[in-house]
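Data first, discussion second: the structure below is written as structure tokens.
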Amino acid sequence: MWPDDAAGRAAITRVLGCTPRRLVRLAGGCVAEVFRVELDAEWLVAKVDDPRTGQLHIEGAMLHDLAPHLPVPAVRHAEPGLLLLEWVEGASRFGEATEEHAAALLASLHRVTAPRFGYGYDTLIGGLAQPNPQSESWLPFFAEHRLLEMAAQARAAGHLGAADHRRVERLAGRLDRWLTEPAQPALLHGDVWSGNVLASGDRIRAFLDPAIYFGHPEVELAFIAMFATFGPRFFDAYGIEAGFHEQRCPLYNLYPYLVHLRLFGGSYLGAVRSTLERFGV
């Protein structure tokens with residue numbers, strides 16, 4: 001992290017060739033510290049991390065890849081310890097018209113496809129490793145590189161015991177009882193909760209903090225339902241297949257529950273266990 005504002009100004013000056021008038025610390029910063037950078041002619045957002053261990057260049061790459069398909073902040077500079085982004089005005093408040101716009105944007109994103117599941121490089125979710133080996137089939141990919149990967153991370157962090165880990169392994173081996181292969185891999189934002197969406201008026205202005213890969217669109221929809229990012233108008237406008245809310249949504253949300261268990265510990269263990277019990281393991 002930057003030890004003080006003077007060091008922050010020096011880092012930005014090095015990159016932009018001008019000195020910021022002021023740095024204002026912003027709320028959030030689960031993965032890195034976040035600042036509004038006030039320049040003479042514009043504002044930027046700076047995300048900062050330890051340059052020796054930071055991975056902000058990966059976030060920059062994800063935003064760059066999403067930019068042709070979804071409104072995201074423009075990347076001004078990306079390196080492991082520093083990410084400079086366009087400042088986007090907006091708030092995380094969504095009326096029905098905004099939800100319809102979000103549904104149209106994400107449906108369009110999900111029509112972007114690829115030959116295989118995964119991605120061309122490993123990405124991040126909440127700062128955690130999200131491996132993306134190229135995979136021919138969705139269910140083995142979701143089992144191994146989402147559920148089992150994050151369960152292993154949670155166990156290594158001391159947040160998931162051996163017995164519960166074995167239960168996740170059993171469920172991962174039975175996914176074909178409830179889930180099916182999608183028609184084709186779909187590009188996902190991967191982390192659509194309200195804090196990662198900015199709106200103004202009836203329009204979505206930007207999606208933030210992606211965790212991209214090619215997967216099943218219902219993973220995205222399940223994440224949105226879990227956090228109540230958008231309400232019924234979104235799902236009506238997007239269009240969902242029968243049985244999603246009743247069965248597939250809670251199963252897909254085992255992954256974000258495991259992510260949050262790894263990040264925040266025991267408060268999410270109950271949700272993980274409830275999901276495992278719901279599916280009989």
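Following the order of the structure tokens, first chain is A, next is B, and so on, with residues numbered from 1 inside each chain and ligands from 1 in the order they appear.
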
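Those residues that approach region 91-105 of chain A to within 8 Å, counting only C-alpha atoms, are Leu70, Ser194, Gly195, Asn196, Val197, Leu198, Ala199, Ser200, Gly201, Asp202, Arg203, Ile204, Phe230, Gly231, Arg233, Phe234, Phe235, Ala237 and Tyr238 of chain A; same-chain residues fewer than 5 positions away are not listed.
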
Please write the residues from the selection above to a file, keeping N, CA and C atoms, as a PDB file, in the first residue's frame.
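Output file part.pdb follows:
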ATOM      1  N   LEU A  70     -19.359  -4.249 -22.776  1.00  0.00           N
ATOM      2  CA  LEU A  70     -20.086  -3.816 -21.584  1.00  0.00           C
ATOM      3  C   LEU A  70     -19.540  -2.464 -21.150  1.00  0.00           C
ATOM      4  N   SER A 194     -24.422  -5.155  -6.198  1.00  0.00           N
ATOM      5  CA  SER A 194     -24.802  -3.749  -6.379  1.00  0.00           C
ATOM      6  C   SER A 194     -23.618  -2.801  -6.270  1.00  0.00           C
ATOM      7  N   GLY A 195     -22.645  -3.115  -5.408  1.00  0.00           N
ATOM      8  CA  GLY A 195     -21.491  -2.247  -5.260  1.00  0.00           C
ATOM      9  C   GLY A 195     -20.601  -2.208  -6.485  1.00  0.00           C
ATOM     10  N   ASN A 196     -20.804  -3.136  -7.407  1.00  0.00           N
ATOM     11  CA  ASN A 196     -20.010  -3.184  -8.633  1.00  0.00           C
ATOM     12  C   ASN A 196     -20.777  -2.668  -9.848  1.00  0.00           C
ATOM     13  N   VAL A 197     -21.872  -1.958  -9.609  1.00  0.00           N
ATOM     14  CA  VAL A 197     -22.674  -1.415 -10.706  1.00  0.00           C
ATOM     15  C   VAL A 197     -23.000   0.040 -10.401  1.00  0.00           C
ATOM     16  N   LEU A 198     -22.745   0.926 -11.350  1.00  0.00           N
ATOM     17  CA  LEU A 198     -23.081   2.343 -11.217  1.00  0.00           C
ATOM     18  C   LEU A 198     -24.142   2.708 -12.225  1.00  0.00           C
ATOM     19  N   ALA A 199     -25.155   3.430 -11.764  1.00  0.00           N
ATOM     20  CA  ALA A 199     -26.246   3.859 -12.630  1.00  0.00           C
ATOM     21  C   ALA A 199     -26.510   5.344 -12.429  1.00  0.00           C
ATOM     22  N   SER A 200     -27.091   5.950 -13.444  1.00  0.00           N
ATOM     23  CA  SER A 200     -27.531   7.343 -13.376  1.00  0.00           C
ATOM     24  C   SER A 200     -28.796   7.466 -14.201  1.00  0.00           C
ATOM     25  N   GLY A 201     -29.843   8.000 -13.591  1.00  0.00           N
ATOM     26  CA  GLY A 201     -31.122   8.025 -14.283  1.00  0.00           C
ATOM     27  C   GLY A 201     -31.598   6.608 -14.526  1.00  0.00           C
ATOM     28  N   ASP A 202     -31.988   6.316 -15.749  1.00  0.00           N
ATOM     29  CA  ASP A 202     -32.471   4.983 -16.097  1.00  0.00           C
ATOM     30  C   ASP A 202     -31.411   4.123 -16.775  1.00  0.00           C
ATOM     31  N   ARG A 203     -30.158   4.537 -16.719  1.00  0.00           N
ATOM     32  CA  ARG A 203     -29.120   3.850 -17.477  1.00  0.00           C
ATOM     33  C   ARG A 203     -28.008   3.335 -16.561  1.00  0.00           C
ATOM     34  N   ILE A 204     -27.490   2.182 -16.901  1.00  0.00           N
ATOM     35  CA  ILE A 204     -26.284   1.674 -16.268  1.00  0.00           C
ATOM     36  C   ILE A 204     -25.098   2.417 -16.866  1.00  0.00           C
ATOM     37  N   PHE A 230     -30.391  -6.916  -8.531  1.00  0.00           N
ATOM     38  CA  PHE A 230     -31.555  -6.428  -9.248  1.00  0.00           C
ATOM     39  C   PHE A 230     -32.751  -7.261  -8.830  1.00  0.00           C
ATOM     40  N   GLY A 231     -33.941  -6.724  -9.080  1.00  0.00           N
ATOM     41  CA  GLY A 231     -35.162  -7.375  -8.659  1.00  0.00           C
ATOM     42  C   GLY A 231     -35.879  -8.120  -9.775  1.00  0.00           C
ATOM     43  N   ARG A 233     -37.924  -7.303 -12.057  1.00  0.00           N
ATOM     44  CA  ARG A 233     -37.983  -6.719 -13.396  1.00  0.00           C
ATOM     45  C   ARG A 233     -36.779  -7.126 -14.219  1.00  0.00           C
ATOM     46  N   PHE A 234     -35.609  -7.235 -13.595  1.00  0.00           N
ATOM     47  CA  PHE A 234     -34.419  -7.681 -14.305  1.00  0.00           C
ATOM     48  C   PHE A 234     -34.622  -9.083 -14.865  1.00  0.00           C
ATOM     49  N   PHE A 235     -35.078 -10.009 -14.034  1.00  0.00           N
ATOM     50  CA  PHE A 235     -35.214 -11.390 -14.470  1.00  0.00           C
ATOM     51  C   PHE A 235     -36.307 -11.538 -15.525  1.00  0.00           C
ATOM     52  N   ALA A 237     -37.073  -9.233 -17.716  1.00  0.00           N
ATOM     53  CA  ALA A 237     -36.532  -8.670 -18.951  1.00  0.00           C
ATOM     54  C   ALA A 237     -35.463  -9.571 -19.558  1.00  0.00           C
ATOM     55  N   TYR A 238     -34.661 -10.213 -18.723  1.00  0.00           N
ATOM     56  CA  TYR A 238     -33.609 -11.099 -19.231  1.00  0.00           C
ATOM     57  C   TYR A 238     -34.215 -12.364 -19.821  1.00  0.00           C
TER      58      TYR A 238
END

All residues 6 Å or closer to region 16-27 of chain A, only C-alpha atoms, same chain fewer than 3 positions away omitted, as a compact mmCIF listing (two decimals) with N, CA and C atoms, in the first residue's frame:
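The result, written out as result-v9.txt:
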# COMPACT_ATOMS: atom_id res chain seq x y z
N ILE A 12 1.51 8.49 -8.94
CA ILE A 12 0.65 8.99 -10.03
C ILE A 12 1.41 9.94 -10.93
N THR A 13 2.23 10.77 -10.33
CA THR A 13 3.04 11.69 -11.12
C THR A 13 3.95 10.94 -12.06
N VAL A 34 -8.55 2.45 -2.35
CA VAL A 34 -9.15 3.14 -3.49
C VAL A 34 -9.19 4.63 -3.18
N PHE A 35 -8.79 5.45 -4.17
CA PHE A 35 -8.74 6.89 -4.02
C PHE A 35 -9.38 7.57 -5.23
N ARG A 36 -10.00 8.71 -4.97
CA ARG A 36 -10.32 9.63 -6.07
C ARG A 36 -9.12 10.53 -6.27
N VAL A 37 -8.66 10.59 -7.50
CA VAL A 37 -7.50 11.40 -7.85
C VAL A 37 -8.00 12.66 -8.55
N GLU A 38 -7.81 13.80 -7.91
CA GLU A 38 -8.30 15.06 -8.47
C GLU A 38 -7.15 15.76 -9.19
N LEU A 39 -7.26 15.81 -10.52
CA LEU A 39 -6.31 16.52 -11.37
C LEU A 39 -6.90 17.86 -11.77

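Residues within 10 Å of region 59-65 of chain A, counting only C-alpha atoms and excluding same-chain residues fewer than 5 positions away, are Leu70, Pro71, Val72, Pro73, Ala74, Val75, Arg76, His77, Ala78, Glu79, Pro80, Leu82, Leu83, Leu84, Leu85, Tyr121, Thr123, Leu124, Ile125, Gly127, His189, Phe207, Leu208, Asp209, Pro210, Ala211, Ile212 and Tyr213 of chain A.
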
For the residues in the current selection, export N, CA and C atoms as an mmCIF file, in the first residue's frame.
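again09.cif, freshly written:
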data_model
loop_
_atom_site.group_PDB
_atom_site.id
_atom_site.type_symbol
_atom_site.label_atom_id
_atom_site.label_comp_id
_atom_site.auth_asym_id
_atom_site.auth_seq_id
_atom_site.Cartn_x
_atom_site.Cartn_y
_atom_site.Cartn_z
ATOM 1 N N LEU A 70 -19.359 -4.249 -22.776
ATOM 2 C CA LEU A 70 -20.086 -3.816 -21.584
ATOM 3 C C LEU A 70 -19.540 -2.464 -21.150
ATOM 4 N N PRO A 71 -20.382 -1.555 -20.629
ATOM 5 C CA PRO A 71 -19.836 -0.291 -20.130
ATOM 6 C C PRO A 71 -18.999 -0.515 -18.874
ATOM 7 N N VAL A 72 -17.720 -0.169 -18.955
ATOM 8 C CA VAL A 72 -16.785 -0.290 -17.843
ATOM 9 C C VAL A 72 -15.909 0.953 -17.836
ATOM 10 N N PRO A 73 -15.283 1.277 -16.724
ATOM 11 C CA PRO A 73 -14.365 2.417 -16.712
ATOM 12 C C PRO A 73 -13.178 2.169 -17.637
ATOM 13 N N ALA A 74 -12.772 3.204 -18.363
ATOM 14 C CA ALA A 74 -11.589 3.087 -19.205
ATOM 15 C C ALA A 74 -10.351 2.955 -18.337
ATOM 16 N N VAL A 75 -9.448 2.082 -18.742
ATOM 17 C CA VAL A 75 -8.197 1.862 -18.015
ATOM 18 C C VAL A 75 -7.164 2.859 -18.514
ATOM 19 N N ARG A 76 -6.650 3.679 -17.600
ATOM 20 C CA ARG A 76 -5.605 4.643 -17.957
ATOM 21 C C ARG A 76 -4.204 4.076 -17.745
ATOM 22 N N HIS A 77 -4.078 3.192 -16.769
ATOM 23 C CA HIS A 77 -2.767 2.582 -16.499
ATOM 24 C C HIS A 77 -2.999 1.378 -15.598
ATOM 25 N N ALA A 78 -2.213 0.310 -15.846
ATOM 26 C CA ALA A 78 -2.325 -0.886 -15.012
ATOM 27 C C ALA A 78 -0.952 -1.504 -14.806
ATOM 28 N N GLU A 79 -0.624 -1.726 -13.546
ATOM 29 C CA GLU A 79 0.568 -2.469 -13.157
ATOM 30 C C GLU A 79 0.221 -3.186 -11.859
ATOM 31 N N PRO A 80 1.049 -4.105 -11.365
ATOM 32 C CA PRO A 80 0.649 -4.890 -10.191
ATOM 33 C C PRO A 80 0.216 -4.069 -8.985
ATOM 34 N N LEU A 82 -0.656 -0.621 -9.027
ATOM 35 C CA LEU A 82 -1.376 0.615 -9.315
ATOM 36 C C LEU A 82 -2.279 0.441 -10.523
ATOM 37 N N LEU A 83 -3.552 0.800 -10.342
ATOM 38 C CA LEU A 83 -4.527 0.791 -11.426
ATOM 39 C C LEU A 83 -5.204 2.153 -11.456
ATOM 40 N N LEU A 84 -5.118 2.831 -12.589
ATOM 41 C CA LEU A 84 -5.767 4.123 -12.767
ATOM 42 C C LEU A 84 -6.919 3.968 -13.744
ATOM 43 N N LEU A 85 -8.096 4.415 -13.319
ATOM 44 C CA LEU A 85 -9.312 4.247 -14.101
ATOM 45 C C LEU A 85 -10.014 5.578 -14.318
ATOM 46 N N TYR A 121 -6.407 -16.534 -19.662
ATOM 47 C CA TYR A 121 -5.502 -16.388 -18.525
ATOM 48 C C TYR A 121 -6.314 -16.549 -17.248
ATOM 49 N N THR A 123 -7.951 -15.459 -13.869
ATOM 50 C CA THR A 123 -8.477 -14.182 -13.406
ATOM 51 C C THR A 123 -8.615 -14.212 -11.884
ATOM 52 N N LEU A 124 -9.327 -13.223 -11.347
ATOM 53 C CA LEU A 124 -9.470 -13.063 -9.905
ATOM 54 C C LEU A 124 -10.923 -12.820 -9.564
ATOM 55 N N ILE A 125 -11.327 -13.233 -8.363
ATOM 56 C CA ILE A 125 -12.608 -12.834 -7.802
ATOM 57 C C ILE A 125 -12.359 -12.415 -6.358
ATOM 58 N N GLY A 127 -10.012 -10.703 -5.350
ATOM 59 C CA GLY A 127 -8.587 -10.829 -5.111
ATOM 60 C C GLY A 127 -8.092 -12.255 -5.006
ATOM 61 N N HIS A 189 -19.376 -11.424 -16.586
ATOM 62 C CA HIS A 189 -18.714 -10.426 -15.743
ATOM 63 C C HIS A 189 -18.176 -11.111 -14.497
ATOM 64 N N PHE A 207 -20.053 -1.168 -15.108
ATOM 65 C CA PHE A 207 -19.846 -2.344 -14.270
ATOM 66 C C PHE A 207 -18.391 -2.324 -13.816
ATOM 67 N N LEU A 208 -18.159 -2.621 -12.539
ATOM 68 C CA LEU A 208 -16.832 -2.532 -11.941
ATOM 69 C C LEU A 208 -16.331 -3.920 -11.529
ATOM 70 N N ASP A 209 -15.062 -4.001 -11.173
ATOM 71 C CA ASP A 209 -14.448 -5.148 -10.492
ATOM 72 C C ASP A 209 -14.856 -6.505 -11.071
ATOM 73 N N PRO A 210 -14.570 -6.766 -12.331
ATOM 74 C CA PRO A 210 -15.008 -8.028 -12.932
ATOM 75 C C PRO A 210 -14.209 -9.224 -12.453
ATOM 76 N N ALA A 211 -14.772 -10.408 -12.732
ATOM 77 C CA ALA A 211 -14.113 -11.688 -12.450
ATOM 78 C C ALA A 211 -14.373 -12.599 -13.649
ATOM 79 N N ILE A 212 -13.928 -12.198 -14.823
ATOM 80 C CA ILE A 212 -14.434 -12.743 -16.071
ATOM 81 C C ILE A 212 -13.926 -14.146 -16.380
ATOM 82 N N TYR A 213 -14.745 -14.871 -17.136
ATOM 83 C CA TYR A 213 -14.378 -16.128 -17.786
ATOM 84 C C TYR A 213 -15.558 -16.525 -18.668
#

Which of region 26-177 of chain A end up as alpha helix (DSSP H) when DSSP is run on this backbone - answer as a PDB file with C-alpha atoms, in the first residue's frame?
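Dumped everything to selection-v5.pdb:
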ATOM      1  CA  LEU A  56      -4.137  -5.013 -10.180  1.00  0.00           C
ATOM      2  CA  HIS A  57      -2.764  -5.530 -13.689  1.00  0.00           C
ATOM      3  CA  ILE A  58      -5.107  -8.527 -13.952  1.00  0.00           C
ATOM      4  CA  GLU A  59      -8.097  -6.345 -13.102  1.00  0.00           C
ATOM      5  CA  GLY A  60      -6.911  -3.903 -15.748  1.00  0.00           C
ATOM      6  CA  ALA A  61      -6.702  -6.707 -18.319  1.00  0.00           C
ATOM      7  CA  MET A  62     -10.221  -7.895 -17.464  1.00  0.00           C
ATOM      8  CA  LEU A  63     -11.662  -4.398 -17.836  1.00  0.00           C
ATOM      9  CA  HIS A  64      -9.853  -4.009 -21.144  1.00  0.00           C
ATOM     10  CA  ASP A  65     -11.359  -7.284 -22.386  1.00  0.00           C
ATOM     11  CA  LEU A  66     -14.875  -6.330 -21.267  1.00  0.00           C
ATOM     12  CA  GLU A  96     -37.225  -0.823 -13.045  1.00  0.00           C
ATOM     13  CA  ALA A  97     -36.037   0.936 -16.211  1.00  0.00           C
ATOM     14  CA  THR A  98     -32.429   0.634 -15.009  1.00  0.00           C
ATOM     15  CA  GLU A  99     -32.946  -3.065 -14.331  1.00  0.00           C
ATOM     16  CA  GLU A 100     -34.260  -3.513 -17.867  1.00  0.00           C
ATOM     17  CA  HIS A 101     -31.149  -1.795 -19.204  1.00  0.00           C
ATOM     18  CA  ALA A 102     -28.938  -4.043 -17.066  1.00  0.00           C
ATOM     19  CA  ALA A 103     -30.772  -7.116 -18.396  1.00  0.00           C
ATOM     20  CA  ALA A 104     -30.215  -6.018 -21.979  1.00  0.00           C
ATOM     21  CA  LEU A 105     -26.524  -5.325 -21.368  1.00  0.00           C
ATOM     22  CA  LEU A 106     -25.844  -8.642 -19.653  1.00  0.00           C
ATOM     23  CA  ALA A 107     -27.881 -10.637 -22.160  1.00  0.00           C
ATOM     24  CA  SER A 108     -25.746  -9.085 -24.901  1.00  0.00           C
ATOM     25  CA  LEU A 109     -22.560  -9.905 -22.966  1.00  0.00           C
ATOM     26  CA  HIS A 110     -23.685 -13.508 -22.593  1.00  0.00           C
ATOM     27  CA  TRP A 138     -18.988 -26.991 -18.402  1.00  0.00           C
ATOM     28  CA  LEU A 139     -19.861 -29.351 -15.547  1.00  0.00           C
ATOM     29  CA  PRO A 140     -16.312 -30.671 -15.006  1.00  0.00           C
ATOM     30  CA  PHE A 141     -14.996 -27.110 -15.246  1.00  0.00           C
ATOM     31  CA  PHE A 142     -17.478 -25.797 -12.659  1.00  0.00           C
ATOM     32  CA  GLU A 149     -10.785 -24.899  -6.108  1.00  0.00           C
ATOM     33  CA  MET A 150     -12.521 -22.493  -3.741  1.00  0.00           C
ATOM     34  CA  ALA A 151     -13.252 -25.193  -1.178  1.00  0.00           C
ATOM     35  CA  ALA A 152      -9.527 -25.977  -1.156  1.00  0.00           C
ATOM     36  CA  GLN A 153      -8.695 -22.300  -0.705  1.00  0.00           C
ATOM     37  CA  ALA A 154     -11.211 -21.996   2.152  1.00  0.00           C
ATOM     38  CA  ARG A 155      -9.818 -25.094   3.847  1.00  0.00           C
ATOM     39  CA  ALA A 156      -6.225 -23.890   3.485  1.00  0.00           C
ATOM     40  CA  ALA A 162     -12.293 -31.661   6.555  1.00  0.00           C
ATOM     41  CA  ALA A 163     -15.815 -33.077   6.885  1.00  0.00           C
ATOM     42  CA  ASP A 164     -17.449 -30.150   5.098  1.00  0.00           C
ATOM     43  CA  HIS A 165     -14.713 -30.234   2.459  1.00  0.00           C
ATOM     44  CA  ARG A 166     -15.569 -33.870   1.736  1.00  0.00           C
ATOM     45  CA  ARG A 167     -19.230 -32.904   1.394  1.00  0.00           C
ATOM     46  CA  VAL A 168     -18.347 -30.287  -1.232  1.00  0.00           C
ATOM     47  CA  GLU A 169     -16.339 -32.970  -3.048  1.00  0.00           C
ATOM     48  CA  ARG A 170     -19.336 -35.329  -3.032  1.00  0.00           C
ATOM     49  CA  LEU A 171     -21.655 -32.630  -4.384  1.00  0.00           C
ATOM     50  CA  ALA A 172     -19.144 -31.677  -7.081  1.00  0.00           C
TER      51      ALA A 172
END

Just asking: which residues within region 124-197 of chain A are strand (DSSP E or B) according to DSSP, as a list in words? Leu124, Ile125, Leu128, Ala129, Gln130, Ser135, Ala186, Leu187, Leu188 and Val197 of chain A

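In terms of minimum interatomic distance to Pro68 (chain A), A:Val112 ranks closest within A:Val112, A:Asp122, A:Val192, A:Asn132, counting only C-alpha atoms.
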
Record the distance separating CA of Gln130 (chain A) and CA of Gly118 (chain A), expressed in Å with one decimal. 9.6 Å

Applying 6 Å and only C-alpha atoms, which residues near His216 (chain A) remain after dropping the ones on its own chain fewer than 2 positions away? List them as number ranges by chain. A: 186, 218-219

What lies within 10 Å of Phe223 (chain A) using only C-alpha atoms, ignoring chain neighbours under 3 positions off, as a PyMOL selection string? chain A and resi 190-193+218-220+226-229+249-250+252-257

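Across the structure, CA of Glu86 (chain A) and CA of Ala41 (chain A) are spaced 12.5 Å apart.
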
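Contact shell of Val272 (chain A) at 7 Å (only C-alpha atoms; same-chain neighbours under 2 positions omitted): Leu254, Tyr257, Leu258, Tyr268, Leu269, Gly270, Ser274, Thr275 and Leu276 of chain A.
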
Residues just named, written with N, CA and C atoms as a PDB file, in the first residue's frame:
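Below is the file selection.pdb, written as the result:
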ATOM      1  N   LEU A 254     -23.416 -21.884  -4.481  1.00  0.00           N
ATOM      2  CA  LEU A 254     -22.428 -22.465  -3.577  1.00  0.00           C
ATOM      3  C   LEU A 254     -21.051 -21.870  -3.862  1.00  0.00           C
ATOM      4  N   TYR A 257     -20.713 -18.473  -2.164  1.00  0.00           N
ATOM      5  CA  TYR A 257     -20.663 -18.711  -0.723  1.00  0.00           C
ATOM      6  C   TYR A 257     -19.270 -19.182  -0.302  1.00  0.00           C
ATOM      7  N   LEU A 258     -18.680 -20.048  -1.096  1.00  0.00           N
ATOM      8  CA  LEU A 258     -17.323 -20.509  -0.780  1.00  0.00           C
ATOM      9  C   LEU A 258     -16.311 -19.375  -0.911  1.00  0.00           C
ATOM     10  N   TYR A 268     -20.095 -17.328   6.825  1.00  0.00           N
ATOM     11  CA  TYR A 268     -20.684 -17.914   5.624  1.00  0.00           C
ATOM     12  C   TYR A 268     -20.718 -19.440   5.673  1.00  0.00           C
ATOM     13  N   LEU A 269     -20.199 -20.037   6.721  1.00  0.00           N
ATOM     14  CA  LEU A 269     -20.189 -21.490   6.802  1.00  0.00           C
ATOM     15  C   LEU A 269     -21.601 -22.050   6.852  1.00  0.00           C
ATOM     16  N   GLY A 270     -22.507 -21.360   7.544  1.00  0.00           N
ATOM     17  CA  GLY A 270     -23.888 -21.817   7.622  1.00  0.00           C
ATOM     18  C   GLY A 270     -24.541 -21.874   6.253  1.00  0.00           C
ATOM     19  N   SER A 274     -25.994 -25.201   4.544  1.00  0.00           N
ATOM     20  CA  SER A 274     -27.402 -25.267   4.144  1.00  0.00           C
ATOM     21  C   SER A 274     -27.535 -25.716   2.699  1.00  0.00           C
ATOM     22  N   THR A 275     -26.651 -25.221   1.833  1.00  0.00           N
ATOM     23  CA  THR A 275     -26.688 -25.628   0.433  1.00  0.00           C
ATOM     24  C   THR A 275     -26.364 -27.110   0.302  1.00  0.00           C
ATOM     25  N   LEU A 276     -25.356 -27.572   1.005  1.00  0.00           N
ATOM     26  CA  LEU A 276     -24.991 -28.991   0.947  1.00  0.00           C
ATOM     27  C   LEU A 276     -26.147 -29.865   1.433  1.00  0.00           C
TER      28      LEU A 276
END

From the list A:Arg278, A:Arg14, A:His159, A:Arg52, the nearest residue to Glu246 (chain A) using only C-alpha atoms is A:Arg278
